[in-house]
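K.L.:
One structure coming up, written as structure tokens, with questions to follow.
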Amino acid sequence: MDTEAGEVAVLISDMKYSPVGAAAPSVLMSQYTTDINGIIGRFGKAISIIGAISDYLDKGGNEISLRSPYYFIVLGNQENVVEIRNFISLLLKKKSHLVDNIESGFNYGHPEYSFGISNKCYQLNNEPTFLGYEEADNVDTCTIKLKVPLENYRWLMAYENIFRDALKVRSLYGSSVNVDKIEIDVKDITGSDKQLNREATATVDLKIFNMPTDSEVIEWNLELPITNYTLFNEFFEGADDENDPNKSYSVLDFLTGIFQGGVVTHDMKPNYILVSKND
């Protein structure tokens with residue numbers, strides 16, 4: 001695989017690793033976790049695990065499960081993994097087969113952003129600076145519309161409650177700041193011309209009031225839900241039998257191997273917004 005040329009590796013598997021040997025299965029699975037840690041760690045690239053479901057047929061062709069899990073594992077450089085993850089997830093979602101995706105080994109740096117039309121203040125050019133702050137209560141106060149693109153993050157971030165929990169906002173000099181309304185706009189494009197594209201944007205109303213000085217600095221950041229397995233729980237919980245078509249026998253051990261230091265997802269860096277009473 002030539003990652004310098006943008007190539008990625010994609011493995012499709014039901015992830016039902018079945019250890020064979022003299023040791024007890026629990027011991028072998030622990031070794032599996034350690035092995036994955038070392039292999040992925042040495043690879044040193046980004047990884048995304050995409051969960052999907054399909055029907056499951058026995059040897060006689062009889063359908064015995066409508067929600068049997070399987071996985072796409074994508075490895076490569078971060079920007080290429082994101083692109084392929086979105087392509088695969090779009091196709092799965094179109095057929096109602098997508099569960100969720102999980103990622104590791106990413107370094108996002110600062111969250112990207114832009115601004116919409118503000119209220120009781122105005123933006124200075126295209127800078128993260130707002131002038132003409134008007135003092136008011138929390139109902140009709142200075143409101144900044146922060147727009148955050150989400151398509152590069154795992155798809156769970158497009159859930160309003162998940163994004164709200166991930167968004168961290170504070171003032172540095174004592175003003176009150178509230179995260180008010182959040183709107184998530186998602187456009188999944190899977191056209192007949194085989195175009196695949198995902199656009200997702202969170203628009204956040206940041207309300208600033210009780211400003212004690214002539215200016216304020218608002219710090220904001222995202223704490224990504226890196227290890228949130230909520231949408232996978234039905235396949236992880238009670239996964240004790242490798243022959244159960246409704247469960248994923250060894251995926252948690254695989255994920256544990258990834259997240260136990262083998263691959264590091266770097267914390268995101270904060271952004272800052274200056275708000276001033278002066279024009």
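In the structure tokens, each chain is lettered A, B, ... as it comes, each chain's residues begin at 1, and ligands are numbered from 1 in order of appearance.
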Do a neighbour search on Val74 (chain A) at 6 Å with only C-alpha atoms, toss out local chain neighbours closer than 6 positions, and write the hits as a VMD selection string.
P.N.:
chain A and resid 9 to 10 47 to 48
K.L.:
Taking 3 positions as the minimum chain separation for residues in the same chain, which residues sit within 8 Å of Leu206 (chain A) when counting only C-alpha atoms? Answer as an MDAnalysis selection string.
P.N.:
chainID A and resid 143:146 177:180
K.L.:
For all heavy atoms, I'd like the residues from the last selection saved as a PDB file, in the first residue's frame.
P.N.:
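Wrote it out as result.pdb, contents follow:
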ATOM      1  N   THR A 143     -25.604  37.673  20.148  1.00  0.00           N
ATOM      2  CA  THR A 143     -25.644  36.264  19.744  1.00  0.00           C
ATOM      3  C   THR A 143     -24.758  36.058  18.522  1.00  0.00           C
ATOM      4  O   THR A 143     -24.938  36.718  17.496  1.00  0.00           O
ATOM      5  CB  THR A 143     -27.078  35.817  19.414  1.00  0.00           C
ATOM      6  OG1 THR A 143     -27.917  36.055  20.550  1.00  0.00           O
ATOM      7  CG2 THR A 143     -27.114  34.336  19.059  1.00  0.00           C
ATOM      8  N   ILE A 144     -23.812  35.160  18.641  1.00  0.00           N
ATOM      9  CA  ILE A 144     -22.897  34.822  17.552  1.00  0.00           C
ATOM     10  C   ILE A 144     -23.293  33.460  16.996  1.00  0.00           C
ATOM     11  O   ILE A 144     -23.456  32.495  17.750  1.00  0.00           O
ATOM     12  CB  ILE A 144     -21.442  34.792  18.055  1.00  0.00           C
ATOM     13  CG1 ILE A 144     -21.022  36.186  18.525  1.00  0.00           C
ATOM     14  CG2 ILE A 144     -20.499  34.272  16.979  1.00  0.00           C
ATOM     15  CD1 ILE A 144     -19.684  36.217  19.234  1.00  0.00           C
ATOM     16  N   LYS A 145     -23.468  33.395  15.683  1.00  0.00           N
ATOM     17  CA  LYS A 145     -23.792  32.117  15.037  1.00  0.00           C
ATOM     18  C   LYS A 145     -22.501  31.455  14.566  1.00  0.00           C
ATOM     19  O   LYS A 145     -21.892  31.870  13.584  1.00  0.00           O
ATOM     20  CB  LYS A 145     -24.750  32.326  13.861  1.00  0.00           C
ATOM     21  CG  LYS A 145     -26.190  32.554  14.287  1.00  0.00           C
ATOM     22  CD  LYS A 145     -27.147  32.434  13.121  1.00  0.00           C
ATOM     23  CE  LYS A 145     -28.589  32.596  13.580  1.00  0.00           C
ATOM     24  NZ  LYS A 145     -29.031  31.495  14.455  1.00  0.00           N
ATOM     25  N   LEU A 146     -22.122  30.434  15.283  1.00  0.00           N
ATOM     26  CA  LEU A 146     -20.907  29.679  14.978  1.00  0.00           C
ATOM     27  C   LEU A 146     -21.275  28.481  14.107  1.00  0.00           C
ATOM     28  O   LEU A 146     -22.151  27.695  14.466  1.00  0.00           O
ATOM     29  CB  LEU A 146     -20.251  29.212  16.278  1.00  0.00           C
ATOM     30  CG  LEU A 146     -19.041  28.282  16.171  1.00  0.00           C
ATOM     31  CD1 LEU A 146     -17.858  29.004  15.530  1.00  0.00           C
ATOM     32  CD2 LEU A 146     -18.666  27.745  17.551  1.00  0.00           C
ATOM     33  N   VAL A 177     -21.717  33.146  29.115  1.00  0.00           N
ATOM     34  CA  VAL A 177     -21.879  32.662  27.743  1.00  0.00           C
ATOM     35  C   VAL A 177     -22.683  31.368  27.787  1.00  0.00           C
ATOM     36  O   VAL A 177     -22.379  30.464  28.564  1.00  0.00           O
ATOM     37  CB  VAL A 177     -20.515  32.457  27.042  1.00  0.00           C
ATOM     38  CG1 VAL A 177     -19.603  31.544  27.838  1.00  0.00           C
ATOM     39  CG2 VAL A 177     -20.703  31.923  25.632  1.00  0.00           C
ATOM     40  N   ASN A 178     -23.736  31.331  26.989  1.00  0.00           N
ATOM     41  CA  ASN A 178     -24.598  30.152  26.926  1.00  0.00           C
ATOM     42  C   ASN A 178     -24.605  29.574  25.522  1.00  0.00           C
ATOM     43  O   ASN A 178     -24.625  30.318  24.532  1.00  0.00           O
ATOM     44  CB  ASN A 178     -26.045  30.511  27.305  1.00  0.00           C
ATOM     45  CG  ASN A 178     -26.215  30.676  28.801  1.00  0.00           C
ATOM     46  OD1 ASN A 178     -25.329  30.340  29.583  1.00  0.00           O
ATOM     47  ND2 ASN A 178     -27.357  31.211  29.200  1.00  0.00           N
ATOM     48  N   VAL A 179     -24.589  28.253  25.453  1.00  0.00           N
ATOM     49  CA  VAL A 179     -24.830  27.572  24.181  1.00  0.00           C
ATOM     50  C   VAL A 179     -26.329  27.389  24.066  1.00  0.00           C
ATOM     51  O   VAL A 179     -26.929  26.618  24.809  1.00  0.00           O
ATOM     52  CB  VAL A 179     -24.109  26.213  24.129  1.00  0.00           C
ATOM     53  CG1 VAL A 179     -24.463  25.481  22.834  1.00  0.00           C
ATOM     54  CG2 VAL A 179     -22.602  26.397  24.252  1.00  0.00           C
ATOM     55  N   ASP A 180     -26.935  28.123  23.151  1.00  0.00           N
ATOM     56  CA  ASP A 180     -28.392  28.098  23.011  1.00  0.00           C
ATOM     57  C   ASP A 180     -28.785  27.084  21.928  1.00  0.00           C
ATOM     58  O   ASP A 180     -28.414  25.923  22.006  1.00  0.00           O
ATOM     59  CB  ASP A 180     -28.891  29.509  22.695  1.00  0.00           C
ATOM     60  CG  ASP A 180     -30.381  29.676  22.914  1.00  0.00           C
ATOM     61  OD1 ASP A 180     -30.876  29.316  23.992  1.00  0.00           O
ATOM     62  OD2 ASP A 180     -31.059  30.173  21.988  1.00  0.00           O
TER      63      ASP A 180
END
K.L.:
With a distance cut-off of 10 Å and only C-alpha atoms, select the neighbouring residues of Leu75 (chain A), excluding the residue or stretch itself and same-chain residues fewer than 6 positions from it, and output the selection as a ChimeraX atom specification.
P.N.:
/A:1,3,7-11,40,43-49,81-82,84-85,103-105
K.L.:
Store the residues picked out above, limited to N, CA, C and O atoms, as a short mmCIF file (atom, residue, chain, number, x, y, z; two decimals), in the first residue's frame.
P.N.:
data_model
loop_
_atom_site.label_atom_id
_atom_site.label_comp_id
_atom_site.auth_asym_id
_atom_site.auth_seq_id
_atom_site.Cartn_x
_atom_site.Cartn_y
_atom_site.Cartn_z
N MET A 1 0.84 -1.19 0.00
CA MET A 1 0.00 0.00 0.00
C MET A 1 0.88 1.25 0.00
O MET A 1 1.75 1.41 0.86
N THR A 3 0.81 4.79 0.77
CA THR A 3 0.04 5.86 1.41
C THR A 3 0.43 7.23 0.88
O THR A 3 -0.38 8.16 0.91
N GLU A 7 -3.21 5.90 -1.27
CA GLU A 7 -3.86 4.59 -1.19
C GLU A 7 -4.24 4.26 0.25
O GLU A 7 -3.57 4.67 1.20
N VAL A 8 -5.33 3.52 0.40
CA VAL A 8 -5.75 3.02 1.70
C VAL A 8 -5.97 1.52 1.59
O VAL A 8 -6.17 0.98 0.50
N ALA A 9 -5.93 0.86 2.74
CA ALA A 9 -6.25 -0.56 2.81
C ALA A 9 -7.64 -0.70 3.41
O ALA A 9 -7.97 -0.02 4.39
N VAL A 10 -8.45 -1.59 2.84
CA VAL A 10 -9.80 -1.83 3.34
C VAL A 10 -9.98 -3.33 3.57
O VAL A 10 -9.80 -4.13 2.65
N LEU A 11 -10.29 -3.69 4.80
CA LEU A 11 -10.57 -5.07 5.17
C LEU A 11 -12.05 -5.19 5.52
O LEU A 11 -12.58 -4.38 6.28
N ILE A 40 -1.07 -2.20 14.94
CA ILE A 40 -1.61 -0.90 14.52
C ILE A 40 -0.68 0.23 14.95
O ILE A 40 -0.49 1.21 14.23
N PHE A 43 2.13 0.54 12.58
CA PHE A 43 1.67 1.05 11.29
C PHE A 43 1.64 2.58 11.31
O PHE A 43 1.99 3.24 10.34
N GLY A 44 1.20 3.15 12.43
CA GLY A 44 1.28 4.59 12.63
C GLY A 44 0.39 5.43 11.74
O GLY A 44 0.72 6.58 11.44
N LYS A 45 -0.72 4.88 11.29
CA LYS A 45 -1.63 5.61 10.41
C LYS A 45 -3.01 5.71 11.05
O LYS A 45 -3.27 5.14 12.11
N ALA A 46 -3.89 6.45 10.39
CA ALA A 46 -5.26 6.58 10.87
C ALA A 46 -6.04 5.30 10.55
O ALA A 46 -5.74 4.59 9.59
N ILE A 47 -7.04 5.03 11.36
CA ILE A 47 -7.87 3.85 11.16
C ILE A 47 -9.33 4.19 11.45
O ILE A 47 -9.63 4.93 12.38
N SER A 48 -10.22 3.69 10.62
CA SER A 48 -11.65 3.85 10.83
C SER A 48 -12.31 2.49 10.73
O SER A 48 -12.00 1.70 9.83
N ILE A 49 -13.20 2.20 11.68
CA ILE A 49 -13.96 0.95 11.68
C ILE A 49 -15.42 1.31 11.42
O ILE A 49 -16.03 2.06 12.20
N VAL A 81 -8.43 8.28 4.62
CA VAL A 81 -9.32 7.43 5.41
C VAL A 81 -10.68 8.11 5.57
O VAL A 81 -11.73 7.47 5.44
N VAL A 82 -10.68 9.42 5.83
CA VAL A 82 -11.94 10.16 5.96
C VAL A 82 -12.76 10.05 4.68
O VAL A 82 -13.98 9.80 4.71
N ILE A 84 -12.67 7.77 2.20
CA ILE A 84 -13.19 6.42 1.95
C ILE A 84 -14.23 6.05 3.00
O ILE A 84 -15.24 5.40 2.69
N ARG A 85 -14.01 6.44 4.26
CA ARG A 85 -15.02 6.19 5.30
C ARG A 85 -16.35 6.80 4.92
O ARG A 85 -17.41 6.18 5.05
N GLU A 103 -13.17 5.79 14.96
CA GLU A 103 -11.87 6.08 14.37
C GLU A 103 -10.82 6.30 15.43
O GLU A 103 -11.13 6.59 16.60
N SER A 104 -9.57 6.17 15.02
CA SER A 104 -8.45 6.45 15.90
C SER A 104 -7.24 6.82 15.05
O SER A 104 -7.22 6.60 13.84
N GLY A 105 -6.25 7.40 15.71
CA GLY A 105 -5.04 7.81 15.00
C GLY A 105 -5.21 9.10 14.23
O GLY A 105 -4.45 9.37 13.30
#
K.L.:
Extract, using only C-alpha atoms, all DNA, RNA and protein residues at most 8 Å from His110 (chain A), discarding same-chain residues fewer than 5 positions from it, and format them as a ChimeraX atom specification.
P.N.:
/A:221,268-271
K.L.:
Choose the residue, out of A:Thr141, A:Ser276, A:Asn77, A:Asn125, that has the smallest atom-to-atom separation from Asp205 (chain A); count only C-alpha atoms.
P.N.:
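The shortest atom-to-atom distance to Asp205 (chain A) comes from A:Thr141.
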K.L.:
Provide the CA of Asn119 (chain A) to CA of Arg198 (chain A) distance in Å, to one decimal place.
P.N.:
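CA of Arg198 (chain A) lies 29.7 Å from CA of Asn119 (chain A).
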K.L.:
Return the single residue from A:Ala5, A:Met15, A:Leu124, A:Ile73 that is closest to Lys247 (chain A), with distances computed using only C-alpha atoms.
P.N.:
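The closest residue to Lys247 (chain A) is A:Met15.
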K.L.:
For Ile117 (chain A), which residue out of A:Met211, A:Val99, A:Val204, A:Ala52 is the nearest one, using only C-alpha atoms?
P.N.:
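Comparing A:Met211, A:Val99, A:Val204, A:Ala52 against Ile117 (chain A), the winner is A:Val204.
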K.L.:
If I take CA of Cys121 (chain A) and CA of Tyr133 (chain A), how far is one from the other in Å, to one decimal?
P.N.:
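CA of Cys121 (chain A) sits 4.7 Å away from CA of Tyr133 (chain A).
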K.L.:
What's the 7 Å shell around Ser54 (chain A), counting only C-alpha atoms, without same-chain residues fewer than 4 positions away, as number ranges by chain?
P.N.:
A: 66-69, 97
K.L.:
Quick one: DSSP helix (DSSP H, G or I) residues in region 126-200 of chain A, as a ChimeraX atom specification?
P.N.:
/A:155-158,160-166
K.L.:
Output all heavy atoms for every residue in the selection just made, as an mmCIF file, in the first residue's frame.
P.N.:
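Written output follows (out_27.cif):
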data_model
loop_
_atom_site.group_PDB
_atom_site.id
_atom_site.type_symbol
_atom_site.label_atom_id
_atom_site.label_comp_id
_atom_site.auth_asym_id
_atom_site.auth_seq_id
_atom_site.Cartn_x
_atom_site.Cartn_y
_atom_site.Cartn_z
ATOM 1 N N TRP A 155 -19.457 10.043 12.220
ATOM 2 C CA TRP A 155 -20.818 10.472 11.918
ATOM 3 C C TRP A 155 -21.672 10.676 13.161
ATOM 4 O O TRP A 155 -22.692 11.366 13.118
ATOM 5 C CB TRP A 155 -21.471 9.463 10.972
ATOM 6 C CG TRP A 155 -20.958 9.582 9.570
ATOM 7 C CD1 TRP A 155 -19.733 10.042 9.176
ATOM 8 C CD2 TRP A 155 -21.658 9.247 8.379
ATOM 9 N NE1 TRP A 155 -19.621 10.006 7.813
ATOM 10 C CE2 TRP A 155 -20.789 9.515 7.294
ATOM 11 C CE3 TRP A 155 -22.921 8.726 8.116
ATOM 12 C CZ2 TRP A 155 -21.155 9.293 5.971
ATOM 13 C CZ3 TRP A 155 -23.289 8.497 6.799
ATOM 14 C CH2 TRP A 155 -22.415 8.787 5.744
ATOM 15 N N LEU A 156 -21.285 10.095 14.270
ATOM 16 C CA LEU A 156 -22.023 10.279 15.517
ATOM 17 C C LEU A 156 -22.105 11.757 15.905
ATOM 18 O O LEU A 156 -23.037 12.181 16.589
ATOM 19 C CB LEU A 156 -21.339 9.486 16.635
ATOM 20 C CG LEU A 156 -22.128 9.249 17.925
ATOM 21 C CD1 LEU A 156 -23.318 8.326 17.664
ATOM 22 C CD2 LEU A 156 -21.225 8.646 18.997
ATOM 23 N N MET A 157 -21.140 12.561 15.446
ATOM 24 C CA MET A 157 -21.119 13.984 15.779
ATOM 25 C C MET A 157 -22.291 14.751 15.168
ATOM 26 O O MET A 157 -22.568 15.882 15.569
ATOM 27 C CB MET A 157 -19.797 14.604 15.324
ATOM 28 C CG MET A 157 -18.622 14.279 16.220
ATOM 29 S SD MET A 157 -18.709 15.155 17.797
ATOM 30 C CE MET A 157 -18.267 16.816 17.267
ATOM 31 N N ALA A 158 -22.974 14.167 14.207
ATOM 32 C CA ALA A 158 -24.110 14.843 13.582
ATOM 33 C C ALA A 158 -25.401 14.665 14.377
ATOM 34 O O ALA A 158 -26.450 15.157 13.957
ATOM 35 C CB ALA A 158 -24.303 14.347 12.150
ATOM 36 N N GLU A 160 -27.495 15.879 17.459
ATOM 37 C CA GLU A 160 -27.469 17.141 18.200
ATOM 38 C C GLU A 160 -27.018 16.955 19.646
ATOM 39 O O GLU A 160 -26.222 17.744 20.170
ATOM 40 C CB GLU A 160 -28.862 17.792 18.150
ATOM 41 C CG GLU A 160 -28.891 19.236 18.653
ATOM 42 C CD GLU A 160 -29.115 19.340 20.161
ATOM 43 O OE1 GLU A 160 -29.575 18.333 20.747
ATOM 44 O OE2 GLU A 160 -28.814 20.395 20.738
ATOM 45 N N ASN A 161 -27.494 15.912 20.306
ATOM 46 C CA ASN A 161 -27.120 15.708 21.710
ATOM 47 C C ASN A 161 -25.640 15.357 21.854
ATOM 48 O O ASN A 161 -24.978 15.786 22.816
ATOM 49 C CB ASN A 161 -27.991 14.621 22.342
ATOM 50 C CG ASN A 161 -27.820 13.269 21.670
ATOM 51 O OD1 ASN A 161 -27.815 13.178 20.445
ATOM 52 N ND2 ASN A 161 -27.693 12.211 22.450
ATOM 53 N N ILE A 162 -25.104 14.604 20.902
ATOM 54 C CA ILE A 162 -23.680 14.251 20.947
ATOM 55 C C ILE A 162 -22.826 15.484 20.690
ATOM 56 O O ILE A 162 -21.830 15.738 21.390
ATOM 57 C CB ILE A 162 -23.360 13.153 19.918
ATOM 58 C CG1 ILE A 162 -24.153 11.875 20.220
ATOM 59 C CG2 ILE A 162 -21.864 12.873 19.877
ATOM 60 C CD1 ILE A 162 -23.783 11.196 21.509
ATOM 61 N N PHE A 163 -23.216 16.280 19.693
ATOM 62 C CA PHE A 163 -22.452 17.492 19.402
ATOM 63 C C PHE A 163 -22.511 18.466 20.576
ATOM 64 O O PHE A 163 -21.503 19.084 20.940
ATOM 65 C CB PHE A 163 -22.981 18.170 18.134
ATOM 66 C CG PHE A 163 -22.243 19.437 17.792
ATOM 67 C CD1 PHE A 163 -21.062 19.386 17.076
ATOM 68 C CD2 PHE A 163 -22.714 20.673 18.214
ATOM 69 C CE1 PHE A 163 -20.358 20.551 16.785
ATOM 70 C CE2 PHE A 163 -22.022 21.836 17.931
ATOM 71 C CZ PHE A 163 -20.840 21.771 17.213
ATOM 72 N N ARG A 164 -23.682 18.611 21.181
ATOM 73 C CA ARG A 164 -23.816 19.537 22.313
ATOM 74 C C ARG A 164 -22.893 19.121 23.458
ATOM 75 O O ARG A 164 -22.271 19.964 24.108
ATOM 76 C CB ARG A 164 -25.272 19.594 22.780
ATOM 77 C CG ARG A 164 -25.538 20.624 23.871
ATOM 78 C CD ARG A 164 -27.012 20.679 24.236
ATOM 79 N NE ARG A 164 -27.822 21.284 23.192
ATOM 80 C CZ ARG A 164 -28.039 22.588 23.076
ATOM 81 N NH1 ARG A 164 -27.490 23.429 23.943
ATOM 82 N NH2 ARG A 164 -28.806 23.051 22.109
ATOM 83 N N ASP A 165 -22.808 17.817 23.716
ATOM 84 C CA ASP A 165 -21.908 17.338 24.770
ATOM 85 C C ASP A 165 -20.446 17.560 24.402
ATOM 86 O O ASP A 165 -19.604 17.795 25.273
ATOM 87 C CB ASP A 165 -22.141 15.846 25.030
ATOM 88 C CG ASP A 165 -23.442 15.572 25.765
ATOM 89 O OD1 ASP A 165 -24.007 16.515 26.357
ATOM 90 O OD2 ASP A 165 -23.907 14.415 25.741
ATOM 91 N N ALA A 166 -20.137 17.470 23.106
ATOM 92 C CA ALA A 166 -18.747 17.603 22.663
ATOM 93 C C ALA A 166 -18.271 19.053 22.654
ATOM 94 O O ALA A 166 -17.075 19.319 22.817
ATOM 95 C CB ALA A 166 -18.585 17.007 21.265
#
K.L.:
Work out how far CA of Leu196 (chain A) is from CA of Ile53 (chain A), in Å to one decimal.
P.N.:
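Computing the Euclidean distance for CA of Ile53 (chain A) and CA of Leu196 (chain A) yields 20.5 Å.
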K.L.:
What's the 8 Å shell around Asp267 (chain A), counting only C-alpha atoms, without same-chain residues fewer than 4 positions away, as a list in words?
P.N.:
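Contacts, in chain order: Asn107, Tyr108, Gly109 and Glu223 of chain A.
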